[in-house]
Amino acid sequence: MVLLIVSSLVFYAYDSPALLLLLLFSACLNTVVSYAVARGSIYRKIIATAGVAINLLTLIFFKYSPLFAHSFFNSNDPIGHFLVTIPLPIGISFFTFEGISLLVDVYKEKSFKNTDVIPASFAAHARNTLFFISFFPHLIAGPILKAHDFLPQIGSKTIRDINWERCFKNLLTGYFLKMVVADNLKDFTYWISFPYFQSMSTITLVVMLFGYSCQIFADFAGYSLIAIGLAGLFGYRFNDNFNFPYIATSFKEFWKRWHISLSSFLMEYLYFPLGGNRKGKVRTYVNLMVTMVLGGLWHGAAISYAVWGGFHGLALASERFLTDRVKSRPSRLLAFLKGLMVFCFVTLAWLLFKLPRFSDVIQYMVSLKRNFFIGDRYDLIAYILLYSSPVVLYHLLYLVKERTSFYRVWKLDYMLYALMFFLILTNSGSTGSFIYFQF
Amino acid sequence: MIKKTLISFLLLTALYIMGVRLMMPFPKAAQHQWQDNAIKAQDYLYQKGAGSRNVLVGSSLSCRILTDSLVNFTNLALNGQSIFDGLAIIDHKKELPVNVFIELNMVMRGENKIFTGSLFQPMLFVMRDKLPALRDGYQPLGLAGKPVSACVQTLLSALKSRLIRKKPEAVPPAIAATGQEPAAQTSTVQAPVKVNLSDGLFLRLLKIQEDNYSKAADSASLYRNLNELARYVDGLRSKNVNVYFFEMPIDAHLSDLPLARSIRDGFHRIFPPGKYVYIPQPDCTGYETSDGLHLRDPDAIRYTSYLKSRTASL
């Protein structure tokens, strides 16, 4: 484990050695606070609260200072200038949330007894906490681990703990989604930028948006699968982070399938403590909005992310409102239409990720409406559809996997993996960073 | 399962590599402008011998130059990239050309280290040299994309012809904000486009360029890049390669604005006209562009003739 910790710290420090201090600070803070809380200090509530507050303040300071600077100071102001120059440490959104998870889980003891998971020795607890926070597969872009999922797994591992086939499949699928699908799609969805989209036809613009939707899924789900596969090679099991989100037939279902580690974190550590749905209907809608707006802001220090979260909060609240009042008989057609509506809404909302300026989003919508008669970009459309097809097939496979005929075909799954491996070697796109690294 | 996968993968790869070798040369598929750049660079790097006597480096502006009418010329200008990428490529190859032509216009843009890093990564470089199937132009999905594109064109044309009465108007390609490149009309790779100069979109695009060109170049960045360029130029000249500078014609409204003037002045300061050879920029009033920067097709042909006349004696 010590070797893993050292390698993880070297991995993190490789890009910016100075920011390693922040990671170590986070680990120290969470070690001391969780140890004090676990030891049954009489001030455990105050200590836990202070620990969570310091984690959040650290996140706010490093991540949202530029937003404060732009909102409240002008460029000549020395405070504003200082705030803008604060670096954004890679992975901070992930490891501060993990620290919060540790403190809350230790305080509440809902998922485990502290005596079972927190060692009596401070040094051992410090080692485990540092490992939990810094373990390299999830360090810089998740999945967000929860203490109650990971801490019980910490211990010495043997070769027998490794599920080789599962790791191999996760790694191969992950690299395929990232290197072949996402890295190629990014070169086509590049034109969803101002002012390029202004001269594109409506159909081209719609297809590019569809392509971006597939790209962001492939990029993030691909990375998550790589992280899961890598962790598996060391005998550690991460939960799935994506569960075929684009087949969701409701917004609630979508958020149970997309970025599961974040949505479940927000549900467990924010939505439920706010009261969840236990304080009346109006309060439920408010709680949903607050959770989703903050979830949006977690993605980035810009108003557009808060608006994106707000849109999803509004969708969830509206869906809840309608579900309470309108009862419909389940039918395949209705499920299909609902699924299509959810997908269209989610895809349109991704525009706020791609075009952080509202004026550009409005221009995009105007171009969608105005440009029907402009010539289509056939090559662009063709390649987007080609590179998006694995994402579509991936989701279709989920829909047919219950059928017996599927299992007959699935015996030949090694051919599909061989094809993915072949395409990784021969058809990878140019290197692009993971979209979620910026968060 | 893992064993079966690996065996199948090796078989598939071997078949593909052999298939590409047997069927070479066949047309490469560039899926978009960055891949087109990679294909251009790889074709230059992996060709045996020195290749063309004359090599041209620049940005998308120089990509408009049609080398099929220029004898013994290779156009290593790269869309969306800079002269430094082209010079890095020339530098990487052992055999050097006799003459190198360097574009002035986009000197503010630096080298794309991700692009050149990927090109020159030692293991990938050797693998692509020995196994052409691993080069960008032979990507399987890239090759598969062309028939798919033809199907898409057929379907959409049929759909639109049912919905509309008149033919869609040709429009200018998406523009370049400072340093950015326009997209092609029907292809994802640069293609010549007709433009209606009175079109409102063109005027908006020109206005954006006027705003960009109204400010002189940041002198620290300009001279940093020019000094970097001087390193390349001195290196080439020390190996008996002749270096020439040329400036692509742009919209007449832009050619005398502060940015263009400051770049010209910077060049003349670091590379004085007495010691270095410049191919003068022709009178820009005679040239039309699609967006203020990129020559229209007929004007690109005209400029190519001009360049041909200026380089005939070299």
# chains A, B, ... in the order shown; residues from 1 in each chain; ligands from 1
$ residues_around --residues "Asn79 in chain B" --least-positions-apart "3" --cutoff "8 Å" --atoms "only C-alpha atoms" --output "PyMOL selection string"
chain B and resi 33-34+37+59-61+63+181
$ write_last_selection --atoms "N, CA, C and O atoms" --output "PDB file, in the first residue's frame"
ATOM      1  N   GLN B  33      -9.727  18.672 -41.020  1.00  0.00           N
ATOM      2  CA  GLN B  33      -8.527  19.431 -41.393  1.00  0.00           C
ATOM      3  C   GLN B  33      -7.308  19.071 -40.555  1.00  0.00           C
ATOM      4  O   GLN B  33      -6.185  19.120 -41.065  1.00  0.00           O
ATOM      5  N   TRP B  34      -7.504  18.676 -39.299  1.00  0.00           N
ATOM      6  CA  TRP B  34      -6.329  18.344 -38.493  1.00  0.00           C
ATOM      7  C   TRP B  34      -5.705  17.025 -38.960  1.00  0.00           C
ATOM      8  O   TRP B  34      -4.505  16.842 -38.929  1.00  0.00           O
ATOM      9  N   ASN B  37      -3.807  17.700 -42.015  1.00  0.00           N
ATOM     10  CA  ASN B  37      -2.480  18.196 -41.653  1.00  0.00           C
ATOM     11  C   ASN B  37      -1.549  17.031 -41.314  1.00  0.00           C
ATOM     12  O   ASN B  37      -0.389  17.002 -41.728  1.00  0.00           O
ATOM     13  N   SER B  59       0.177  28.793 -42.878  1.00  0.00           N
ATOM     14  CA  SER B  59      -1.093  28.477 -42.221  1.00  0.00           C
ATOM     15  C   SER B  59      -2.136  28.166 -43.299  1.00  0.00           C
ATOM     16  O   SER B  59      -1.788  27.907 -44.452  1.00  0.00           O
ATOM     17  N   SER B  60      -3.406  28.254 -42.925  1.00  0.00           N
ATOM     18  CA  SER B  60      -4.475  27.964 -43.877  1.00  0.00           C
ATOM     19  C   SER B  60      -4.492  28.970 -45.017  1.00  0.00           C
ATOM     20  O   SER B  60      -5.004  28.688 -46.097  1.00  0.00           O
ATOM     21  N   LEU B  61      -3.925  30.140 -44.798  1.00  0.00           N
ATOM     22  CA  LEU B  61      -3.866  31.121 -45.878  1.00  0.00           C
ATOM     23  C   LEU B  61      -3.053  30.552 -47.036  1.00  0.00           C
ATOM     24  O   LEU B  61      -3.458  30.622 -48.194  1.00  0.00           O
ATOM     25  N   CYS B  63      -2.441  27.439 -47.508  1.00  0.00           N
ATOM     26  CA  CYS B  63      -3.025  26.184 -47.998  1.00  0.00           C
ATOM     27  C   CYS B  63      -3.773  26.419 -49.294  1.00  0.00           C
ATOM     28  O   CYS B  63      -3.982  25.490 -50.077  1.00  0.00           O
ATOM     29  N   GLU B 181      -9.379  28.886 -38.422  1.00  0.00           N
ATOM     30  CA  GLU B 181      -9.532  28.551 -39.826  1.00  0.00           C
ATOM     31  C   GLU B 181     -10.988  28.252 -40.169  1.00  0.00           C
ATOM     32  O   GLU B 181     -11.726  27.752 -39.356  1.00  0.00           O
TER      33      GLU B 181
END
$ closest_atom_pairs --of "chain A" --to "chain B" --cutoff "6 Å" --atoms "only C-alpha atoms" --output "Markdown table"
| residue | atom | partner | partner_atom | distance |
| --- | --- | --- | --- | --- |
| A:Tyr196 | CA | B:Ala174 | CA | 4.5 |
| A:Ser199 | CA | B:Ala174 | CA | 5.4 |
| A:Phe373 | CA | B:Pro168 | CA | 5.1 |
| A:Ile374 | CA | B:Pro168 | CA | 5.5 |
| A:Arg377 | CA | B:Thr186 | CA | 4.3 |
| A:Tyr378 | CA | B:Ser149 | CA | 5.6 |
| A:Asp379 | CA | B:Ser149 | CA | 5.1 |
| A:Leu380 | CA | B:Thr188 | CA | 5.5 |
| A:Ala382 | CA | B:Ser149 | CA | 4.8 |
| A:Tyr383 | CA | B:Gly145 | CA | 5.9 |
| A:Tyr414 | CA | B:Thr5 | CA | 4.8 |
| A:Ala418 | CA | B:Phe9 | CA | 4.5 |
| A:Phe422 | CA | B:Phe9 | CA | 5.9 |
| A:Thr426 | CA | B:Leu134 | CA | 5.5 |
| A:Asn427 | CA | B:Gln139 | CA | 5.1 |
$ residues_around --residues "range 304-312 of chain B" --least-positions-apart "5" --cutoff "7 Å" --atoms "only C-alpha atoms" --output "PyMOL selection string"
chain B and resi 65-66+70
$ residues_around --residues "Tyr303 in chain B" --least-positions-apart "2" --cutoff "12 Å" --atoms "only C-alpha atoms" --output "VMD selection string"
chain B and resid 61 to 67 69 to 70 246 to 250 279 to 284 286 to 289 294 to 301 305 to 310
$ write_last_selection --atoms "N, CA, C and O atoms" --output "compact mmCIF listing (two decimals), in the first residue's frame"
# COMPACT_ATOMS: atom_id res chain seq x y z
N LEU B 61 -3.93 30.14 -44.80
CA LEU B 61 -3.87 31.12 -45.88
C LEU B 61 -3.05 30.55 -47.04
O LEU B 61 -3.46 30.62 -48.19
N SER B 62 -1.90 29.99 -46.72
CA SER B 62 -1.03 29.42 -47.75
C SER B 62 -1.54 28.09 -48.27
O SER B 62 -1.11 27.65 -49.34
N CYS B 63 -2.44 27.44 -47.51
CA CYS B 63 -3.02 26.18 -48.00
C CYS B 63 -3.77 26.42 -49.29
O CYS B 63 -3.98 25.49 -50.08
N ARG B 64 -4.18 27.66 -49.53
CA ARG B 64 -4.91 27.97 -50.75
C ARG B 64 -4.04 27.89 -52.00
O ARG B 64 -4.55 27.82 -53.11
N ILE B 65 -2.73 27.96 -51.82
CA ILE B 65 -1.82 27.92 -52.98
C ILE B 65 -1.88 26.54 -53.61
O ILE B 65 -1.78 25.52 -52.93
N LEU B 66 -2.07 26.52 -54.95
CA LEU B 66 -2.28 25.26 -55.66
C LEU B 66 -0.97 24.79 -56.26
O LEU B 66 -0.54 25.31 -57.30
N THR B 67 -0.35 23.84 -55.63
CA THR B 67 1.00 23.45 -56.05
C THR B 67 1.01 22.59 -57.31
O THR B 67 2.09 22.30 -57.83
N SER B 69 0.34 23.51 -60.10
CA SER B 69 0.91 24.29 -61.19
C SER B 69 2.28 24.86 -60.85
O SER B 69 2.89 25.57 -61.65
N LEU B 70 2.78 24.54 -59.68
CA LEU B 70 4.12 24.97 -59.28
C LEU B 70 5.05 23.76 -59.38
O LEU B 70 4.80 22.73 -58.74
N PHE B 246 7.38 35.27 -47.76
CA PHE B 246 6.30 35.80 -48.60
C PHE B 246 5.11 36.14 -47.73
O PHE B 246 4.92 35.57 -46.65
N GLU B 247 4.32 37.10 -48.20
CA GLU B 247 3.13 37.50 -47.45
C GLU B 247 1.90 37.25 -48.31
O GLU B 247 1.81 37.76 -49.44
N MET B 248 0.99 36.46 -47.82
CA MET B 248 -0.24 36.15 -48.58
C MET B 248 -1.12 37.40 -48.66
O MET B 248 -1.24 38.15 -47.68
N PRO B 249 -1.72 37.65 -49.82
CA PRO B 249 -2.65 38.78 -49.90
C PRO B 249 -3.91 38.50 -49.08
O PRO B 249 -4.39 37.36 -49.05
N ILE B 250 -4.38 39.52 -48.41
CA ILE B 250 -5.63 39.43 -47.64
C ILE B 250 -6.54 40.57 -48.09
O ILE B 250 -6.18 41.31 -49.01
N ILE B 279 9.44 37.84 -51.13
CA ILE B 279 8.56 37.90 -52.30
C ILE B 279 7.47 38.90 -51.93
O ILE B 279 6.71 38.65 -50.98
N PRO B 280 7.45 40.04 -52.59
CA PRO B 280 6.54 41.10 -52.12
C PRO B 280 5.08 40.68 -52.22
O PRO B 280 4.68 39.92 -53.10
N GLN B 281 4.32 41.21 -51.29
CA GLN B 281 2.87 40.97 -51.32
C GLN B 281 2.28 41.77 -52.48
O GLN B 281 2.56 42.95 -52.63
N PRO B 282 1.48 41.12 -53.33
CA PRO B 282 0.88 41.89 -54.43
C PRO B 282 -0.16 42.87 -53.90
O PRO B 282 -0.55 42.80 -52.73
N ASP B 283 -0.61 43.75 -54.75
CA ASP B 283 -1.62 44.73 -54.38
C ASP B 283 -2.91 44.01 -53.97
O ASP B 283 -3.55 43.34 -54.78
N CYS B 284 -3.30 44.15 -52.72
CA CYS B 284 -4.45 43.39 -52.19
C CYS B 284 -5.79 43.85 -52.76
O CYS B 284 -6.78 43.12 -52.66
N GLY B 286 -6.63 43.92 -55.62
CA GLY B 286 -7.03 43.06 -56.72
C GLY B 286 -7.50 41.69 -56.30
O GLY B 286 -7.86 40.86 -57.14
N TYR B 287 -7.50 41.40 -55.01
CA TYR B 287 -7.83 40.05 -54.55
C TYR B 287 -9.09 40.04 -53.70
O TYR B 287 -9.34 40.95 -52.92
N GLU B 288 -9.88 38.99 -53.86
CA GLU B 288 -11.10 38.82 -53.06
C GLU B 288 -10.94 37.62 -52.13
O GLU B 288 -10.34 36.62 -52.50
N THR B 289 -11.52 37.78 -50.94
CA THR B 289 -11.42 36.69 -49.96
C THR B 289 -12.82 36.24 -49.55
O THR B 289 -13.81 36.93 -49.78
N HIS B 294 -8.92 34.47 -46.25
CA HIS B 294 -8.66 33.33 -47.13
C HIS B 294 -9.10 33.64 -48.55
O HIS B 294 -10.26 34.03 -48.78
N LEU B 295 -8.19 33.45 -49.49
CA LEU B 295 -8.47 33.77 -50.88
C LEU B 295 -9.57 32.88 -51.43
O LEU B 295 -9.63 31.69 -51.14
N ARG B 296 -10.41 33.49 -52.26
CA ARG B 296 -11.37 32.69 -53.02
C ARG B 296 -10.62 31.89 -54.06
O ARG B 296 -9.47 32.21 -54.39
N ASP B 297 -11.29 30.91 -54.60
CA ASP B 297 -10.63 29.99 -55.53
C ASP B 297 -9.98 30.68 -56.72
O ASP B 297 -8.78 30.47 -56.98
N PRO B 298 -10.69 31.53 -57.46
CA PRO B 298 -10.04 32.17 -58.62
C PRO B 298 -8.84 33.03 -58.20
O PRO B 298 -7.84 33.12 -58.92
N ASP B 299 -8.95 33.65 -57.03
CA ASP B 299 -7.86 34.52 -56.57
C ASP B 299 -6.67 33.70 -56.08
O ASP B 299 -5.52 34.13 -56.19
N ALA B 300 -6.96 32.51 -55.56
CA ALA B 300 -5.87 31.62 -55.16
C ALA B 300 -5.09 31.18 -56.39
O ALA B 300 -3.85 31.10 -56.37
N ILE B 301 -5.81 30.93 -57.48
CA ILE B 301 -5.14 30.55 -58.74
C ILE B 301 -4.28 31.72 -59.23
O ILE B 301 -3.14 31.55 -59.66
N SER B 305 -0.16 31.85 -59.72
CA SER B 305 0.56 32.29 -60.94
C SER B 305 1.59 33.35 -60.60
O SER B 305 2.71 33.34 -61.13
N TYR B 306 1.20 34.25 -59.74
CA TYR B 306 2.11 35.31 -59.30
C TYR B 306 3.34 34.69 -58.63
O TYR B 306 4.49 35.06 -58.94
N LEU B 307 3.09 33.74 -57.73
CA LEU B 307 4.19 33.09 -57.01
C LEU B 307 5.08 32.32 -57.99
O LEU B 307 6.31 32.31 -57.86
N LYS B 308 4.43 31.72 -58.96
CA LYS B 308 5.18 30.94 -59.97
C LYS B 308 6.14 31.86 -60.72
O LYS B 308 7.31 31.52 -60.94
N SER B 309 5.63 33.04 -61.08
CA SER B 309 6.47 33.97 -61.84
C SER B 309 7.64 34.47 -60.99
O SER B 309 8.74 34.68 -61.48
N ARG B 310 7.40 34.61 -59.71
CA ARG B 310 8.45 35.12 -58.83
C ARG B 310 9.49 34.07 -58.48
O ARG B 310 10.59 34.39 -58.04
$ residues_around --residues "Ala27 in chain A" --least-positions-apart "3" --cutoff "9 Å" --atoms "only C-alpha atoms" --output "MDAnalysis selection string"
chainID A and resid 22:24 30:32 95 99 126 129:134
$ closest_residue --among "B:Leu293, B:Ala41, B:Leu119, B:Ala220" --to "Phe202 in chain B" --atoms "only C-alpha atoms"
B:Leu293
$ closest_residue --among "A:His259, A:Arg320, A:Arg127, A:His70" --to "Phe82 in chain A" --atoms "only C-alpha atoms"
A:His70
$ residues_around --residues "Thr431 in chain A" --least-positions-apart "5" --cutoff "12 Å" --atoms "only C-alpha atoms" --output "number ranges by chain"
A: 178-187, 219; B: 34-35, 113-119
$ write_last_selection --atoms "N, CA, C and O atoms" --output "short mmCIF file (atom, residue, chain, number, x, y, z; two decimals), in the first residue's frame"
data_model
loop_
_atom_site.label_atom_id
_atom_site.label_comp_id
_atom_site.auth_asym_id
_atom_site.auth_seq_id
_atom_site.Cartn_x
_atom_site.Cartn_y
_atom_site.Cartn_z
N LYS A 178 -12.84 6.31 -25.15
CA LYS A 178 -12.08 7.56 -25.06
C LYS A 178 -11.29 7.84 -26.34
O LYS A 178 -11.42 8.91 -26.94
N MET A 179 -10.49 6.87 -26.78
CA MET A 179 -9.53 7.15 -27.86
C MET A 179 -10.15 7.08 -29.25
O MET A 179 -9.73 7.81 -30.15
N VAL A 180 -11.10 6.19 -29.44
CA VAL A 180 -11.69 6.05 -30.78
C VAL A 180 -12.94 6.91 -30.93
O VAL A 180 -13.08 7.64 -31.91
N VAL A 181 -13.82 6.84 -29.93
CA VAL A 181 -15.09 7.58 -30.06
C VAL A 181 -14.92 9.06 -29.69
O VAL A 181 -15.09 9.93 -30.54
N ALA A 182 -14.55 9.33 -28.44
CA ALA A 182 -14.51 10.72 -27.97
C ALA A 182 -13.44 11.54 -28.68
O ALA A 182 -13.70 12.68 -29.11
N ASP A 183 -12.24 10.99 -28.81
CA ASP A 183 -11.13 11.77 -29.41
C ASP A 183 -11.37 12.05 -30.89
O ASP A 183 -10.85 13.03 -31.42
N ASN A 184 -12.11 11.20 -31.57
CA ASN A 184 -12.44 11.49 -32.96
C ASN A 184 -13.61 12.45 -33.06
O ASN A 184 -13.58 13.39 -33.85
N LEU A 185 -14.62 12.24 -32.22
CA LEU A 185 -15.79 13.13 -32.27
C LEU A 185 -15.41 14.58 -31.96
O LEU A 185 -15.99 15.52 -32.51
N LYS A 186 -14.42 14.77 -31.11
CA LYS A 186 -14.07 16.14 -30.72
C LYS A 186 -13.62 16.97 -31.92
O LYS A 186 -13.81 18.19 -31.95
N ASP A 187 -13.02 16.31 -32.94
CA ASP A 187 -12.55 17.04 -34.12
C ASP A 187 -13.71 17.47 -35.02
O ASP A 187 -13.54 18.32 -35.89
N ASP A 219 -16.39 10.14 -23.52
CA ASP A 219 -15.22 10.69 -22.84
C ASP A 219 -15.25 10.35 -21.35
O ASP A 219 -14.30 9.81 -20.79
N TRP B 34 -7.50 18.68 -39.30
CA TRP B 34 -6.33 18.34 -38.49
C TRP B 34 -5.71 17.02 -38.96
O TRP B 34 -4.51 16.84 -38.93
N GLN B 35 -6.60 16.12 -39.40
CA GLN B 35 -6.07 14.87 -39.92
C GLN B 35 -5.41 15.11 -41.27
O GLN B 35 -4.42 14.47 -41.61
N LYS B 113 2.50 21.93 -30.06
CA LYS B 113 3.39 20.90 -29.50
C LYS B 113 2.70 19.53 -29.43
O LYS B 113 3.38 18.49 -29.51
N ILE B 114 1.38 19.52 -29.26
CA ILE B 114 0.68 18.24 -29.20
C ILE B 114 0.76 17.56 -30.56
O ILE B 114 1.02 16.36 -30.67
N PHE B 115 0.59 18.36 -31.62
CA PHE B 115 0.65 17.83 -32.98
C PHE B 115 2.04 17.30 -33.30
O PHE B 115 2.22 16.15 -33.72
N THR B 116 3.05 18.14 -33.07
CA THR B 116 4.42 17.72 -33.42
C THR B 116 4.90 16.62 -32.48
O THR B 116 5.62 15.72 -32.90
N GLY B 117 4.46 16.68 -31.21
CA GLY B 117 4.84 15.63 -30.27
C GLY B 117 4.34 14.27 -30.73
O GLY B 117 5.05 13.27 -30.68
N SER B 118 3.11 14.26 -31.20
CA SER B 118 2.52 13.00 -31.68
C SER B 118 3.22 12.53 -32.96
O SER B 118 3.45 11.34 -33.15
N LEU B 119 3.57 13.48 -33.84
CA LEU B 119 4.24 13.13 -35.09
C LEU B 119 5.61 12.50 -34.84
O LEU B 119 5.99 11.55 -35.51
#
$ closest_residue --among "B:Ala260, B:Leu15, B:Gln47, B:Asp265" --to "Lys130 in chain B" --atoms "only C-alpha atoms"
B:Gln47
$ residues_around --residues "Asn227 in chain B" --least-positions-apart "2" --cutoff "12 Å" --atoms "only C-alpha atoms" --output "list in words"
Phe84, Val107, Met108, Gly110, Ser219, Ala220, Ser221, Leu222, Tyr223, Arg224, Asn225, Leu229, Ala230, Arg231, Tyr232, Val233, Asp234, Gly266, Phe267, Arg269, Ile270 and Phe271 of chain B
$ closest_residue --among "A:Glu109, A:Leu233, A:Leu3, A:Ala306" --to "Asn163 in chain A" --atoms "only C-alpha atoms"
A:Leu233
$ atom_distance --atom1 "CA of Gln81 in chain B" --atom2 "CA of Gly58 in chain B"
7.7 Å
$ closest_residue --among "A:Phe210, A:Tyr64, A:Phe197, A:Tyr190" --to "Met365 in chain A" --atoms "only C-alpha atoms"
A:Phe197
$ atom_distance --atom1 "CA of Val307 in chain A" --atom2 "CA of Ile144 in chain A"
22.8 Å
$ closest_residue --among "B:Gly292, B:Gly235, B:Pro273, B:Pro97" --to "Tyr213 in chain B" --atoms "only C-alpha atoms"
B:Gly292
$ select_by_dssp --residues "range 115-151 of chain A" --states "helix (DSSP H, G or I)" --output "list of chain:residue names"
A:Thr115, A:Asp116, A:Val117, A:Phe122, A:Ala123, A:Ala124, A:His125, A:Ala126, A:Arg127, A:Asn128, A:Thr129, A:Leu130, A:Phe131, A:Phe132, A:Ile133, A:Ser134, A:Phe136, A:Pro137, A:His138, A:Leu139, A:Ala147, A:His148, A:Asp149, A:Phe150, A:Leu151
$ write_last_selection --atoms "N, CA, C and O atoms" --output "short mmCIF file (atom, residue, chain, number, x, y, z; two decimals), in the first residue's frame"
data_model
loop_
_atom_site.label_atom_id
_atom_site.label_comp_id
_atom_site.auth_asym_id
_atom_site.auth_seq_id
_atom_site.Cartn_x
_atom_site.Cartn_y
_atom_site.Cartn_z
N THR A 115 -15.42 1.32 14.69
CA THR A 115 -14.46 0.37 15.25
C THR A 115 -14.05 -0.69 14.22
O THR A 115 -12.98 -1.27 14.31
N ASP A 116 -14.93 -0.92 13.24
CA ASP A 116 -14.61 -1.92 12.21
C ASP A 116 -13.70 -1.38 11.13
O ASP A 116 -12.97 -2.13 10.48
N VAL A 117 -13.75 -0.09 10.91
CA VAL A 117 -13.10 0.48 9.72
C VAL A 117 -11.97 1.46 10.07
O VAL A 117 -10.99 1.55 9.33
N PHE A 122 -3.35 5.93 15.03
CA PHE A 122 -3.48 7.15 14.22
C PHE A 122 -2.67 7.02 12.94
O PHE A 122 -3.12 7.43 11.87
N ALA A 123 -1.50 6.42 13.05
CA ALA A 123 -0.63 6.29 11.87
C ALA A 123 -1.31 5.42 10.81
O ALA A 123 -1.28 5.73 9.62
N ALA A 124 -1.91 4.33 11.26
CA ALA A 124 -2.60 3.44 10.32
C ALA A 124 -3.78 4.16 9.68
O ALA A 124 -4.04 4.02 8.48
N HIS A 125 -4.50 4.93 10.49
CA HIS A 125 -5.65 5.67 9.95
C HIS A 125 -5.18 6.74 8.96
O HIS A 125 -5.80 6.94 7.91
N ALA A 126 -4.06 7.39 9.28
CA ALA A 126 -3.51 8.41 8.37
C ALA A 126 -3.13 7.76 7.04
O ALA A 126 -3.40 8.30 5.97
N ARG A 127 -2.52 6.58 7.13
CA ARG A 127 -2.11 5.87 5.91
C ARG A 127 -3.34 5.52 5.07
O ARG A 127 -3.38 5.72 3.86
N ASN A 128 -4.39 4.99 5.75
CA ASN A 128 -5.60 4.59 5.02
C ASN A 128 -6.29 5.80 4.39
O ASN A 128 -6.78 5.73 3.26
N THR A 129 -6.34 6.90 5.14
CA THR A 129 -7.02 8.10 4.62
C THR A 129 -6.26 8.65 3.41
O THR A 129 -6.86 9.03 2.40
N LEU A 130 -4.94 8.71 3.54
CA LEU A 130 -4.13 9.21 2.42
C LEU A 130 -4.33 8.31 1.19
O LEU A 130 -4.45 8.80 0.06
N PHE A 131 -4.41 7.02 1.43
CA PHE A 131 -4.63 6.08 0.33
C PHE A 131 -6.00 6.30 -0.29
O PHE A 131 -6.14 6.35 -1.51
N PHE A 132 -7.01 6.43 0.54
CA PHE A 132 -8.38 6.64 0.07
C PHE A 132 -8.46 7.89 -0.82
O PHE A 132 -9.07 7.89 -1.88
N ILE A 133 -7.81 8.96 -0.39
CA ILE A 133 -7.92 10.23 -1.13
C ILE A 133 -7.00 10.25 -2.35
O ILE A 133 -7.35 10.82 -3.38
N SER A 134 -5.84 9.62 -2.26
CA SER A 134 -4.85 9.82 -3.32
C SER A 134 -4.73 8.66 -4.31
O SER A 134 -4.00 8.77 -5.29
N PHE A 136 -4.47 6.61 -7.22
CA PHE A 136 -4.37 7.33 -8.49
C PHE A 136 -5.47 7.07 -9.53
O PHE A 136 -5.79 7.96 -10.30
N PRO A 137 -6.07 5.85 -9.63
CA PRO A 137 -7.07 5.67 -10.69
C PRO A 137 -8.22 6.68 -10.62
O PRO A 137 -8.75 7.08 -11.65
N HIS A 138 -8.62 7.10 -9.40
CA HIS A 138 -9.78 7.99 -9.30
C HIS A 138 -9.37 9.41 -8.90
O HIS A 138 -10.22 10.28 -8.79
N LEU A 139 -8.08 9.66 -8.74
CA LEU A 139 -7.63 10.90 -8.10
C LEU A 139 -8.01 12.15 -8.87
O LEU A 139 -8.43 13.14 -8.28
N ALA A 147 -16.57 6.89 1.40
CA ALA A 147 -15.78 6.22 2.43
C ALA A 147 -16.37 4.85 2.76
O ALA A 147 -15.63 3.87 2.90
N HIS A 148 -17.70 4.76 2.86
CA HIS A 148 -18.29 3.48 3.24
C HIS A 148 -18.13 2.40 2.17
O HIS A 148 -18.26 1.23 2.44
N ASP A 149 -17.84 2.82 0.92
CA ASP A 149 -17.60 1.83 -0.14
C ASP A 149 -16.15 1.40 -0.16
O ASP A 149 -15.83 0.25 -0.49
N PHE A 150 -15.24 2.34 0.13
CA PHE A 150 -13.83 2.05 -0.12
C PHE A 150 -13.06 1.61 1.13
O PHE A 150 -12.24 0.69 1.05
N LEU A 151 -13.32 2.29 2.24
CA LEU A 151 -12.51 1.98 3.43
C LEU A 151 -12.54 0.50 3.84
O LEU A 151 -11.49 -0.06 4.18
#
$ atom_distance --atom1 "CA of Phe73 in chain B" --atom2 "CA of Leu56 in chain B"
7.4 Å
